[in-house]
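Text of the file start.cif, holding mmCIF, C-alpha atoms:
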```
data_final
#
loop_
_atom_site.group_PDB
_atom_site.id
_atom_site.type_symbol
_atom_site.label_atom_id
_atom_site.label_comp_id
_atom_site.auth_asym_id
_atom_site.auth_seq_id
_atom_site.Cartn_x
_atom_site.Cartn_y
_atom_site.Cartn_z
ATOM 1 C CA MET A 894 4.928 -28.638 28.308
ATOM 2 C CA ASN A 895 8.420 -28.050 26.936
ATOM 3 C CA PHE A 896 8.797 -25.011 24.708
ATOM 4 C CA ASP A 897 11.486 -24.730 22.039
ATOM 5 C CA TYR A 898 12.917 -21.220 21.961
ATOM 6 C CA ASN A 899 15.367 -19.800 19.412
ATOM 7 C CA THR A 900 17.634 -18.768 22.293
ATOM 8 C CA GLN A 901 18.065 -22.468 23.127
ATOM 9 C CA ARG A 902 18.968 -23.474 19.564
ATOM 10 C CA TRP A 903 22.207 -23.201 17.620
ATOM 11 C CA LYS A 904 23.242 -19.690 16.857
ATOM 12 C CA LEU A 905 22.564 -18.802 13.227
ATOM 13 C CA ARG A 906 25.817 -18.130 11.438
ATOM 14 C CA LEU A 907 24.073 -16.446 8.475
ATOM 15 C CA PRO A 908 20.504 -15.491 9.457
ATOM 16 C CA GLU A 909 19.549 -14.620 5.867
ATOM 17 C CA TYR A 910 19.491 -18.349 4.995
ATOM 18 C CA GLY A 911 17.340 -19.333 7.946
ATOM 19 C CA ARG A 912 17.551 -22.223 10.379
ATOM 20 C CA HIS A 913 16.523 -24.965 7.943
ATOM 21 C CA ILE A 914 19.596 -24.422 5.754
ATOM 22 C CA GLN A 915 21.790 -24.599 8.835
ATOM 23 C CA LYS A 916 20.123 -27.870 9.846
ATOM 24 C CA MET A 917 20.692 -29.261 6.340
ATOM 25 C CA ILE A 918 24.384 -28.447 6.455
ATOM 26 C CA GLN A 919 24.671 -29.915 9.954
ATOM 27 C CA TYR A 920 23.070 -33.092 8.609
ATOM 28 C CA VAL A 921 25.437 -33.223 5.613
ATOM 29 C CA LYS A 922 28.361 -33.108 8.032
ATOM 30 C CA THR A 923 27.165 -36.383 9.575
ATOM 31 C CA ILE A 924 27.056 -38.317 6.265
ATOM 32 C CA GLU A 925 29.957 -40.760 6.237
ATOM 33 C CA ASP A 926 30.031 -41.550 2.507
ATOM 34 C CA ARG A 927 32.023 -38.771 0.850
ATOM 35 C CA GLU A 928 30.339 -39.122 -2.533
ATOM 36 C CA GLU A 929 26.890 -38.916 -0.984
ATOM 37 C CA ARG A 930 28.024 -35.973 1.155
ATOM 38 C CA ASN A 931 29.134 -34.051 -1.945
ATOM 39 C CA ARG A 932 25.871 -34.857 -3.714
ATOM 40 C CA GLN A 933 23.791 -33.626 -0.795
ATOM 41 C CA ILE A 934 25.775 -30.410 -0.376
ATOM 42 C CA MET A 935 25.190 -29.598 -4.057
ATOM 43 C CA ALA A 936 21.438 -29.850 -3.415
ATOM 44 C CA VAL A 937 21.776 -27.564 -0.372
ATOM 45 C CA ILE A 938 23.697 -24.990 -2.424
ATOM 46 C CA ALA A 939 20.940 -25.041 -5.050
ATOM 47 C CA VAL A 940 18.375 -24.227 -2.348
ATOM 48 C CA MET A 941 20.615 -21.453 -0.977
ATOM 49 C CA GLY A 942 20.791 -19.904 -4.439
ATOM 50 C CA ASN A 943 16.987 -19.924 -4.729
ATOM 51 C CA LEU A 944 16.655 -18.224 -1.341
ATOM 52 C CA ASN A 945 18.967 -15.382 -2.400
ATOM 53 C CA PRO A 946 18.253 -14.635 -6.078
ATOM 54 C CA HIS A 947 19.820 -11.172 -5.734
ATOM 55 C CA LEU A 948 23.238 -12.847 -5.531
ATOM 56 C CA ARG A 949 22.848 -14.098 -9.097
ATOM 57 C CA ASP A 950 23.779 -10.633 -10.374
ATOM 58 C CA THR A 951 27.251 -10.904 -8.843
ATOM 59 C CA ALA A 952 30.132 -12.258 -10.891
ATOM 60 C CA ASP A 953 31.244 -14.801 -8.278
ATOM 61 C CA PHE A 954 27.747 -16.043 -7.378
ATOM 62 C CA ARG A 955 28.663 -19.723 -6.995
ATOM 63 C CA HIS A 956 31.871 -18.893 -5.148
ATOM 64 C CA LYS A 957 29.942 -16.903 -2.551
ATOM 65 C CA LEU A 958 27.528 -19.775 -1.956
ATOM 66 C CA TRP A 959 30.371 -22.228 -1.328
ATOM 67 C CA ASP A 960 32.031 -19.794 1.069
ATOM 68 C CA HIS A 961 28.739 -19.405 2.895
ATOM 69 C CA VAL A 962 28.480 -23.169 3.282
ATOM 70 C CA TYR A 963 31.839 -23.265 5.047
ATOM 71 C CA LEU A 964 30.855 -20.294 7.176
ATOM 72 C CA ILE A 965 27.566 -21.905 8.253
ATOM 73 C CA ALA A 966 29.380 -25.188 8.952
ATOM 74 C CA ASN A 967 31.865 -23.286 11.136
ATOM 75 C CA PHE A 968 34.628 -24.339 8.680
ATOM 76 C CA ASP A 969 34.252 -27.937 9.875
ATOM 77 C CA ILE A 970 32.953 -29.813 6.852
ATOM 78 C CA ASP A 971 34.804 -32.203 4.523
ATOM 79 C CA ILE A 972 33.508 -31.635 0.996
ATOM 80 C CA ASP A 973 35.018 -31.249 -2.456
ATOM 81 C CA SER A 974 34.713 -27.556 -3.251
ATOM 82 C CA PRO A 975 35.521 -26.273 -6.754
ATOM 83 C CA TYR A 976 36.957 -23.146 -5.126
ATOM 84 C CA PRO A 977 39.760 -22.542 -2.614
ATOM 85 C CA ILE A 978 38.667 -23.453 0.894
ATOM 86 C CA PRO A 979 38.237 -20.266 2.963
ATOM 87 C CA VAL A 980 39.809 -19.836 6.364
ATOM 88 C CA PRO A 981 38.155 -18.228 9.411
ATOM 89 C CA GLU A 982 40.677 -15.385 9.431
ATOM 90 C CA THR A 983 39.243 -14.183 6.099
ATOM 91 C CA PHE A 984 35.878 -13.405 7.705
ATOM 92 C CA GLU A 985 37.241 -12.244 11.047
ATOM 93 C CA GLU A 986 39.611 -9.636 9.628
ATOM 94 C CA LYS A 987 38.862 -6.228 11.082
ATOM 95 C CA PRO A 988 38.587 -3.229 8.752
ATOM 96 C CA GLN A 989 41.439 -0.782 8.615
ATOM 97 C CA PRO A 990 40.839 2.333 10.723
ATOM 98 C CA ILE A 991 40.065 5.513 8.792
ATOM 99 C CA PRO A 992 42.749 8.145 9.401
ATOM 100 C CA TYR A 993 40.687 11.087 10.600
ATOM 101 C CA SER A 994 42.361 14.438 10.950
ATOM 102 C CA GLN A 995 43.097 15.203 14.591
ATOM 103 C CA SER A 996 43.769 18.901 14.148
ATOM 104 C CA PRO A 997 40.982 21.045 15.638
ATOM 105 C CA LEU A 998 39.031 23.471 13.487
ATOM 106 C CA LYS A 999 40.146 27.056 13.796
ATOM 107 C CA VAL A 1000 36.657 28.420 13.083
ATOM 108 C CA MET A 1001 33.850 25.935 13.562
ATOM 109 C CA HIS A 1002 31.169 27.479 11.352
ATOM 110 C CA TYR A 1003 33.397 27.476 8.269
ATOM 111 C CA GLY A 1004 34.212 23.784 8.434
ATOM 112 C CA ARG A 1005 37.326 21.966 7.332
ATOM 113 C CA SER A 1006 36.565 22.210 3.619
ATOM 114 C CA VAL A 1007 37.109 25.961 3.653
ATOM 115 C CA GLU A 1008 40.473 25.515 5.360
ATOM 116 C CA ASN A 1009 41.480 22.918 2.769
ATOM 117 C CA MET A 1010 40.450 25.155 -0.120
ATOM 118 C CA LEU A 1011 42.365 28.112 1.292
ATOM 119 C CA ASN A 1012 45.465 25.939 1.705
ATOM 120 C CA VAL A 1013 45.219 24.956 -1.961
ATOM 121 C CA ILE A 1014 44.709 28.535 -3.132
ATOM 122 C CA ALA A 1015 47.540 29.866 -0.975
ATOM 123 C CA VAL A 1016 50.188 28.023 -3.021
ATOM 124 C CA ARG A 1017 48.832 29.120 -6.394
ATOM 125 C CA PRO A 1018 50.615 31.877 -8.343
ATOM 126 C CA GLU A 1019 49.291 35.406 -8.094
ATOM 127 C CA ASN A 1020 46.957 36.104 -11.007
ATOM 128 C CA GLU A 1021 43.363 37.079 -11.764
ATOM 129 C CA GLU A 1022 42.128 33.506 -11.434
ATOM 130 C CA LYS A 1023 43.465 33.280 -7.881
ATOM 131 C CA GLN A 1024 41.787 36.552 -6.928
ATOM 132 C CA ALA A 1025 38.492 35.333 -8.390
ATOM 133 C CA MET A 1026 38.732 32.125 -6.347
ATOM 134 C CA ILE A 1027 39.443 34.109 -3.186
ATOM 135 C CA ALA A 1028 36.396 36.309 -3.850
ATOM 136 C CA LEU A 1029 34.160 33.253 -4.297
ATOM 137 C CA ILE A 1030 35.381 31.633 -1.083
ATOM 138 C CA ALA A 1031 34.990 34.920 0.783
ATOM 139 C CA LEU A 1032 31.372 35.162 -0.347
ATOM 140 C CA TYR A 1033 30.751 31.544 0.692
ATOM 141 C CA MET A 1034 32.310 32.224 4.100
ATOM 142 C CA LYS A 1035 30.079 35.249 4.507
ATOM 143 C CA LYS A 1036 27.008 33.126 3.846
ATOM 144 C CA GLN A 1037 28.209 30.483 6.301
ATOM 145 C CA TYR A 1038 28.877 33.105 8.961
ATOM 146 C CA ILE A 1039 25.399 34.594 8.656
ATOM 147 C CA GLY A 1040 23.792 31.168 8.475
ATOM 148 C CA TRP A 1041 25.369 30.133 11.774
ATOM 149 C CA ASN A 1042 25.239 33.387 13.684
ATOM 150 C CA LYS A 1043 22.006 34.810 12.231
ATOM 151 C CA ASP A 1044 23.608 38.243 12.195
ATOM 152 C CA THR A 1045 25.249 40.582 9.737
ATOM 153 C CA VAL A 1046 28.991 40.609 9.283
ATOM 154 C CA THR A 1047 31.387 43.080 7.720
ATOM 155 C CA ASP A 1048 33.734 42.206 4.894
ATOM 156 C CA HIS A 1049 36.648 43.103 7.151
ATOM 157 C CA ILE A 1050 35.824 40.182 9.496
ATOM 158 C CA ILE A 1051 35.664 37.749 6.562
ATOM 159 C CA PHE A 1052 39.013 38.954 5.209
ATOM 160 C CA ARG A 1053 40.527 38.655 8.675
ATOM 161 C CA ASP A 1054 39.286 35.058 8.968
ATOM 162 C CA ILE A 1055 40.766 34.216 5.563
ATOM 163 C CA GLU A 1056 44.133 35.483 6.673
ATOM 164 C CA ARG A 1057 43.828 33.506 9.904
ATOM 165 C CA LEU A 1058 42.753 30.248 8.253
ATOM 166 C CA SER A 1059 45.524 30.485 5.654
ATOM 167 C CA ASN A 1060 48.154 31.209 8.321
ATOM 168 C CA GLY A 1061 48.811 34.646 6.848
ATOM 169 C CA ARG A 1062 49.493 33.387 3.334
ATOM 170 C CA ILE A 1063 46.413 35.036 1.806
ATOM 171 C CA ILE A 1064 45.897 38.769 2.260
ATOM 172 C CA VAL A 1065 42.643 39.935 0.706
ATOM 173 C CA ASP A 1066 42.605 43.316 -1.009
ATOM 174 C CA PRO A 1067 40.615 45.663 1.280
ATOM 175 C CA SER A 1068 39.035 47.261 -1.779
ATOM 176 C CA LEU A 1069 37.153 44.015 -2.514
ATOM 177 C CA LYS A 1070 33.425 44.469 -1.937
ATOM 178 C CA LEU A 1071 31.333 41.390 -1.242
ATOM 179 C CA PRO A 1072 27.612 41.323 -2.104
ATOM 180 C CA ASN A 1073 25.187 41.813 0.738
ATOM 181 C CA VAL A 1074 23.869 38.622 2.314
ATOM 182 C CA GLN A 1075 20.751 38.669 4.439
ATOM 183 C CA PRO A 1076 19.940 35.997 7.029
ATOM 184 C CA GLU A 1077 17.175 33.681 5.959
ATOM 185 C CA VAL A 1078 13.916 34.111 7.822
ATOM 186 C CA ALA A 1079 11.818 31.024 8.309
ATOM 187 C CA ARG A 1080 8.448 31.488 6.708
ATOM 188 C CA PRO A 1081 5.462 30.288 8.748
ATOM 189 C CA HIS A 1082 3.648 27.392 7.159
ATOM 190 C CA SER A 1083 0.323 28.498 5.797
ATOM 191 C CA GLN A 1084 -2.395 26.240 7.091
ATOM 192 C CA PRO A 1085 -5.399 25.644 4.864
ATOM 193 C CA THR A 1086 -8.678 26.895 6.199
ATOM 194 C CA ASN A 1087 -12.158 25.656 5.513
ATOM 195 C CA ALA A 1088 -13.666 29.125 5.798
ATOM 196 C CA GLY A 1089 -14.617 29.199 2.146
ATOM 197 C CA LYS A 1090 -16.144 25.743 2.236
ATOM 198 C CA ASN A 1091 -18.047 26.412 5.470
ATOM 199 C CA LYS A 1092 -19.243 29.724 4.115
ATOM 200 C CA GLY A 1093 -20.707 27.997 1.131
ATOM 201 C CA LYS A 1094 -22.307 25.311 3.281
ATOM 202 C CA ASN A 1095 -23.833 27.883 5.623
ATOM 203 C CA LYS A 1096 -25.220 29.820 2.680
ATOM 204 C CA ASN A 1097 -26.800 26.709 1.215
ATOM 205 C CA PHE A 1098 -28.189 25.761 4.630
ATOM 206 C CA LYS A 1099 -29.839 29.192 4.930
ATOM 207 C CA LYS A 1100 -31.472 28.740 1.549
ATOM 208 C CA ILE A 1101 -32.871 25.375 2.565
ATOM 209 C CA LYS A 1102 -34.084 26.712 5.906
ATOM 210 C CA THR A 1103 -35.816 29.762 4.423
ATOM 211 C CA ASP A 1104 -37.369 27.890 1.538
ATOM 212 C CA PRO A 1105 -41.053 27.339 2.490
ATOM 213 C CA ARG A 1106 -41.075 24.074 0.564
ATOM 214 C CA ASN A 1107 -38.443 22.603 2.971
ATOM 215 C CA ARG A 1108 -39.958 23.796 6.254
ATOM 216 C CA GLN A 1109 -42.076 20.717 6.589
ATOM 217 C CA SER A 1110 -39.123 18.343 6.018
ATOM 218 C CA LEU A 1111 -36.991 20.242 8.506
ATOM 219 C CA THR A 1112 -39.596 20.065 11.283
ATOM 220 C CA LYS A 1113 -40.030 16.326 10.918
#
```
Let me see the structure of the file written as C-alpha coordinates.
Amino acid sequence: MNFDYNTQRWKLRLPEYGRHIQKMIQYVKTIEDREERNRQIMAVIAVMGNLNPHLRDTADFRHKLWDHVYLIANFDIDIDSPYPIPVPETFEEKPQPIPYSQSPLKVMHYGRSVENMLNVIAVRPENEEKQAMIALIALYMKKQYIGWNKDTVTDHIIFRDIERLSNGRIIVDPSLKLPNVQPEVARPHSQPTNAGKNKGKNKNFKKIKTDPRNRQSLTK
(Lines of atoms letter the chains of each structure in order from A and count residues from 1; the text may use other names and numbers.)
(Lines give C-alpha, C1' and ligand atoms only; values in the text may rest on other atoms or scores of the structure.)
Protein backbone atom coordinates (compact mmCIF):
# COMPACT_ATOMS: atom_id res chain seq x y z
CA MET A 1 0.00 0.00 0.00
CA ASN A 2 1.37 3.39 -1.03
CA PHE A 3 0.78 6.19 1.45
CA ASP A 4 0.62 9.85 0.43
CA TYR A 5 2.38 12.02 2.98
CA ASN A 6 2.45 15.83 3.10
CA THR A 7 6.26 15.67 3.20
CA GLN A 8 6.17 14.12 -0.28
CA ARG A 9 3.89 16.79 -1.75
CA TRP A 10 4.60 20.30 -2.98
CA LYS A 11 5.62 22.69 -0.29
CA LEU A 12 2.78 25.04 0.63
CA ARG A 13 3.72 28.59 -0.24
CA LEU A 14 0.89 30.07 1.88
CA PRO A 15 -0.41 27.42 4.31
CA GLU A 16 -3.40 29.56 5.33
CA TYR A 17 -5.04 28.85 1.95
CA GLY A 18 -4.52 25.11 2.12
CA ARG A 19 -3.36 22.59 -0.46
CA HIS A 20 -6.50 22.66 -2.62
CA ILE A 21 -6.00 26.32 -3.55
CA GLN A 22 -2.42 25.57 -4.49
CA LYS A 23 -3.59 22.69 -6.69
CA MET A 24 -6.14 24.98 -8.36
CA ILE A 25 -3.50 27.56 -9.19
CA GLN A 26 -1.16 24.85 -10.47
CA TYR A 27 -3.98 23.65 -12.72
CA VAL A 28 -4.69 27.18 -13.99
CA LYS A 29 -1.04 27.45 -15.02
CA THR A 30 -1.53 24.51 -17.39
CA ILE A 31 -4.51 26.04 -19.25
CA GLU A 32 -3.33 27.10 -22.70
CA ASP A 33 -6.20 29.43 -23.63
CA ARG A 34 -5.42 32.79 -22.05
CA GLU A 35 -9.04 33.90 -21.81
CA GLU A 36 -10.05 30.69 -20.08
CA ARG A 37 -7.01 30.96 -17.80
CA ASN A 38 -8.06 34.45 -16.69
CA ARG A 39 -11.63 33.29 -16.11
CA GLN A 40 -10.50 30.37 -13.97
CA ILE A 41 -8.10 32.46 -11.89
CA MET A 42 -10.94 34.88 -11.09
CA ALA A 43 -12.92 31.93 -9.68
CA VAL A 44 -9.90 30.85 -7.61
CA ILE A 45 -9.50 34.37 -6.21
CA ALA A 46 -13.17 34.37 -5.21
CA VAL A 47 -12.62 31.15 -3.25
CA MET A 48 -9.48 32.60 -1.63
CA GLY A 49 -11.49 35.61 -0.47
CA ASN A 50 -14.12 33.35 1.12
CA LEU A 51 -11.42 31.40 2.96
CA ASN A 52 -9.98 34.58 4.49
CA PRO A 53 -12.92 36.89 5.29
CA HIS A 54 -10.77 38.85 7.76
CA LEU A 55 -8.89 40.34 4.80
CA ARG A 56 -12.06 42.10 3.67
CA ASP A 57 -11.50 44.76 6.34
CA THR A 58 -8.25 45.86 4.69
CA ALA A 59 -8.26 48.65 2.13
CA ASP A 60 -6.32 46.72 -0.51
CA PHE A 61 -8.21 43.42 -0.10
CA ARG A 62 -8.30 42.49 -3.79
CA HIS A 63 -4.71 43.58 -4.32
CA LYS A 64 -3.52 41.24 -1.57
CA LEU A 65 -5.37 38.30 -3.11
CA TRP A 66 -3.75 38.86 -6.51
CA ASP A 67 -0.32 39.12 -4.90
CA HIS A 68 -0.98 35.89 -3.05
CA VAL A 69 -1.84 34.17 -6.33
CA TYR A 70 1.55 35.09 -7.76
CA LEU A 71 3.25 34.02 -4.55
CA ILE A 72 1.53 30.61 -4.55
CA ALA A 73 2.33 30.18 -8.26
CA ASN A 74 5.99 30.94 -7.49
CA PHE A 75 5.69 34.04 -9.74
CA ASP A 76 5.38 31.75 -12.77
CA ILE A 77 1.87 32.34 -14.06
CA ASP A 78 0.73 34.31 -17.12
CA ILE A 79 -2.51 36.08 -16.23
CA ASP A 80 -3.97 39.55 -16.69
CA SER A 81 -3.78 41.16 -13.26
CA PRO A 82 -5.48 44.51 -12.62
CA TYR A 83 -2.57 45.39 -10.33
CA PRO A 84 1.19 45.69 -10.86
CA ILE A 85 2.82 42.27 -11.04
CA PRO A 86 4.88 41.67 -7.88
CA VAL A 87 8.46 40.50 -7.99
CA PRO A 88 10.05 37.90 -5.69
CA GLU A 89 12.40 40.48 -4.19
CA THR A 90 9.38 42.24 -2.66
CA PHE A 91 8.62 39.24 -0.44
CA GLU A 92 12.22 38.23 0.19
CA GLU A 93 13.37 41.62 1.46
CA LYS A 94 14.84 41.30 4.93
CA PRO A 95 13.75 43.74 7.64
CA GLN A 96 16.09 46.51 8.63
CA PRO A 97 18.06 45.75 11.80
CA ILE A 98 16.99 47.65 14.91
CA PRO A 99 19.82 49.86 16.17
CA TYR A 100 20.15 48.72 19.77
CA SER A 101 22.34 50.70 22.10
CA GLN A 102 25.65 48.95 22.65
CA SER A 103 26.72 50.94 25.68
CA PRO A 104 26.60 48.86 28.88
CA LEU A 105 24.42 49.90 31.80
CA LYS A 106 26.29 51.63 34.58
CA VAL A 107 23.91 50.34 37.26
CA MET A 108 21.83 47.35 36.24
CA HIS A 109 18.92 47.66 38.67
CA TYR A 110 18.09 51.21 37.57
CA GLY A 111 17.77 50.36 33.89
CA ARG A 112 18.47 52.50 30.87
CA SER A 113 15.35 54.63 31.23
CA VAL A 114 16.70 56.24 34.39
CA GLU A 115 19.96 57.09 32.64
CA ASN A 116 18.03 58.63 29.73
CA MET A 117 15.86 60.70 32.05
CA LEU A 118 18.87 61.98 33.98
CA ASN A 119 20.58 62.95 30.71
CA VAL A 120 17.50 64.97 29.75
CA ILE A 121 17.25 66.66 33.14
CA ALA A 122 20.97 67.46 33.24
CA VAL A 123 20.68 69.94 30.35
CA ARG A 124 17.65 71.75 31.75
CA PRO A 125 18.08 75.17 33.39
CA GLU A 126 18.34 75.35 37.15
CA ASN A 127 14.92 76.08 38.64
CA GLU A 128 12.34 74.61 41.01
CA GLU A 129 10.87 72.37 38.33
CA LYS A 130 14.24 70.73 37.73
CA GLN A 131 14.72 70.11 41.44
CA ALA A 132 11.25 68.57 41.68
CA MET A 133 12.05 66.23 38.78
CA ILE A 134 15.32 65.21 40.42
CA ALA A 135 13.48 64.45 43.67
CA LEU A 136 10.94 62.27 41.84
CA ILE A 137 13.63 60.30 40.02
CA ALA A 138 15.59 59.90 43.24
CA LEU A 139 12.54 58.42 44.95
CA TYR A 140 11.96 56.08 42.00
CA MET A 141 15.61 54.98 42.11
CA LYS A 142 15.27 54.30 45.82
CA LYS A 143 12.29 52.04 45.18
CA GLN A 144 14.15 50.24 42.40
CA TYR A 145 17.19 49.74 44.61
CA ILE A 146 15.15 48.22 47.42
CA GLY A 147 13.11 46.14 45.01
CA TRP A 148 16.24 44.54 43.56
CA ASN A 149 18.39 44.26 46.65
CA LYS A 150 15.66 43.66 49.24
CA ASP A 151 17.54 45.89 51.66
CA THR A 152 17.40 49.42 52.95
CA VAL A 153 19.45 52.16 51.36
CA THR A 154 20.48 55.61 52.49
CA ASP A 155 19.68 58.76 50.56
CA HIS A 156 23.41 59.40 50.24
CA ILE A 157 23.83 56.27 48.07
CA ILE A 158 20.96 57.34 45.79
CA PHE A 159 22.42 60.84 45.39
CA ARG A 160 25.82 59.34 44.64
CA ASP A 161 24.31 57.11 41.94
CA ILE A 162 22.56 60.11 40.38
CA GLU A 163 25.83 61.95 40.14
CA ARG A 164 27.47 58.87 38.64
CA LEU A 165 24.74 58.20 36.08
CA SER A 166 24.67 61.84 34.98
CA ASN A 167 28.47 61.96 34.65
CA GLY A 168 28.71 64.56 37.40
CA ARG A 169 26.26 66.98 35.80
CA ILE A 170 23.62 66.60 38.53
CA ILE A 171 24.59 67.23 42.14
CA VAL A 172 21.70 66.59 44.51
CA ASP A 173 21.31 68.90 47.49
CA PRO A 174 22.32 66.85 50.57
CA SER A 175 19.51 68.47 52.54
CA LEU A 176 16.94 66.65 50.38
CA LYS A 177 15.11 64.01 52.40
CA LEU A 178 13.48 61.13 50.55
CA PRO A 179 10.48 59.30 52.03
CA ASN A 180 11.14 55.96 53.65
CA VAL A 181 10.61 52.95 51.40
CA GLN A 182 10.19 49.50 52.88
CA PRO A 183 10.87 46.29 50.94
CA GLU A 184 7.73 44.45 49.97
CA VAL A 185 7.13 41.22 51.84
CA ALA A 186 5.35 38.48 49.97
CA ARG A 187 2.17 37.57 51.75
CA PRO A 188 1.44 33.84 52.04
CA HIS A 189 -1.62 32.77 50.12
CA SER A 190 -4.43 31.93 52.47
CA GLN A 191 -5.80 28.52 51.65
CA PRO A 192 -9.48 27.91 52.29
CA THR A 193 -10.27 25.31 54.88
CA ASN A 194 -13.30 23.11 55.21
CA ALA A 195 -13.14 23.13 59.00
CA GLY A 196 -16.39 25.04 59.30
CA LYS A 197 -18.19 22.82 56.83
CA ASN A 198 -16.87 19.60 58.40
CA LYS A 199 -17.75 20.89 61.84
CA GLY A 200 -21.30 21.40 60.76
CA LYS A 201 -21.45 17.98 59.12
CA ASN A 202 -20.05 16.27 62.21
CA LYS A 203 -22.57 18.05 64.40
CA ASN A 204 -25.44 16.98 62.20
CA PHE A 205 -24.09 13.42 62.10
CA LYS A 206 -24.02 13.32 65.92
CA LYS A 207 -27.64 14.43 66.04
CA ILE A 208 -28.66 11.68 63.65
CA LYS A 209 -26.65 9.07 65.53
CA THR A 210 -28.04 10.01 68.95
CA ASP A 211 -31.61 10.35 67.79
CA PRO A 212 -33.40 7.13 68.91
CA ARG A 213 -35.66 7.32 65.87
CA ASN A 214 -32.62 6.87 63.54
CA ARG A 215 -30.89 4.05 65.42
CA GLN A 216 -32.79 1.41 63.56
CA SER A 217 -31.95 2.89 60.13
CA LEU A 218 -28.29 3.21 61.06
CA THR A 219 -27.97 -0.43 62.14
CA LYS A 220 -29.48 -1.73 58.93
Considering only C-alpha atoms, give me a table of residues in segment 940-1056 of chain A that are at most 9 Å from segment 926-931 of chain A, with the closest atom pair and distance in Å for each, as JSON lines.
```
{"residue": "A:Asp971", "atom": "CA", "partner": "A:Arg927", "partner_atom": "CA", "distance": 8.0}
{"residue": "A:Ile972", "atom": "CA", "partner": "A:Asn931", "partner_atom": "CA", "distance": 5.8}
{"residue": "A:Asp973", "atom": "CA", "partner": "A:Asn931", "partner_atom": "CA", "distance": 6.5}
{"residue": "A:Ser974", "atom": "CA", "partner": "A:Asn931", "partner_atom": "CA", "distance": 8.7}
```
If you keep C-alpha atoms, can you produce a file of those selected residues as a PDB file, keeping the file's coordinate frame?
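Output file result.pdb is given in full below:
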```pdb
ATOM      1  CA  ASP A 971      34.804 -32.203   4.523  1.00  0.00           C
ATOM      2  CA  ILE A 972      33.508 -31.635   0.996  1.00  0.00           C
ATOM      3  CA  ASP A 973      35.018 -31.249  -2.456  1.00  0.00           C
ATOM      4  CA  SER A 974      34.713 -27.556  -3.251  1.00  0.00           C
TER       5      SER A 974
END
```
Subject >> Selection under test: the PyMOL selection byres ((chain A and resi 1031-1047) around 12); residues as JSON, numbers by chain >> reply: {"A": [1000, 1001, 1002, 1003, 1004, 1005, 1006, 1007, 1008, 1010, 1011, 1024, 1025, 1026, 1027, 1028, 1029, 1030, 1048, 1049, 1050, 1051, 1052, 1053, 1054, 1055, 1056, 1058, 1063, 1064, 1065, 1066, 1067, 1069, 1070, 1071, 1072, 1073, 1074, 1075, 1076, 1077, 1078, 1079]}
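Taking atom CA of Thr951 of chain A as the reference point, atom CA of Tyr920 of chain A is found at 28.5 Å.
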Give me the box for segment 919-937 of chain A as JSON, namely the centre and edge lengths in Å to one decimal of a box along x, y and z that holds every listed atom plus 4 Å on each side.
```
{"center_x": 26.7, "center_y": -34.6, "center_z": 2.9, "size_x": 18.6, "size_y": 22.0, "size_z": 22.0}
```
**OP:** May I ask for the distance between atom CA of Gly911 of chain A and atom CA of Leu944 of chain A, given in Å to one decimal place?
**Re:** 9.4 Å
Original post:
What is the distance, in Å and to one decimal place, between atom CA of Gly942 of chain A and atom CA of Val980 of chain A?
Top reply: 21.9 Å
Original post:
When distances are computed from all atoms listed in the file, which of A:Asn1060, A:Asn967, A:Gln919, A:Asn943 shows the smallest separation from Arg906 of chain A?
Top reply: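 Of all the options, A:Asn967 lies closest to Arg906 of chain A.
Considering only C-alpha atoms, the residue among A:Ile970, A:Ala939, A:Val1016, A:Leu998 positioned nearest to Arg955 of chain A is A:Ala939.
Distance check against Tyr976 of chain A using all atoms listed in the file: of A:Ile991, A:Leu964, A:Leu907, A:Leu958, the minimum falls on A:Leu958.
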Original post:
Mind telling me what the PyMOL selection byres ((chain A and resi 916) around 12) catches here, as a PyMOL selection string?
Top reply: chain A and resi 902-906+910-915+917-923+934+937+962+965-966
Subject >> Proximity to His956 of chain A - best of A:Val940, A:Pro997, A:Pro979, A:Pro990, only C-alpha atoms >> reply: A:Pro979
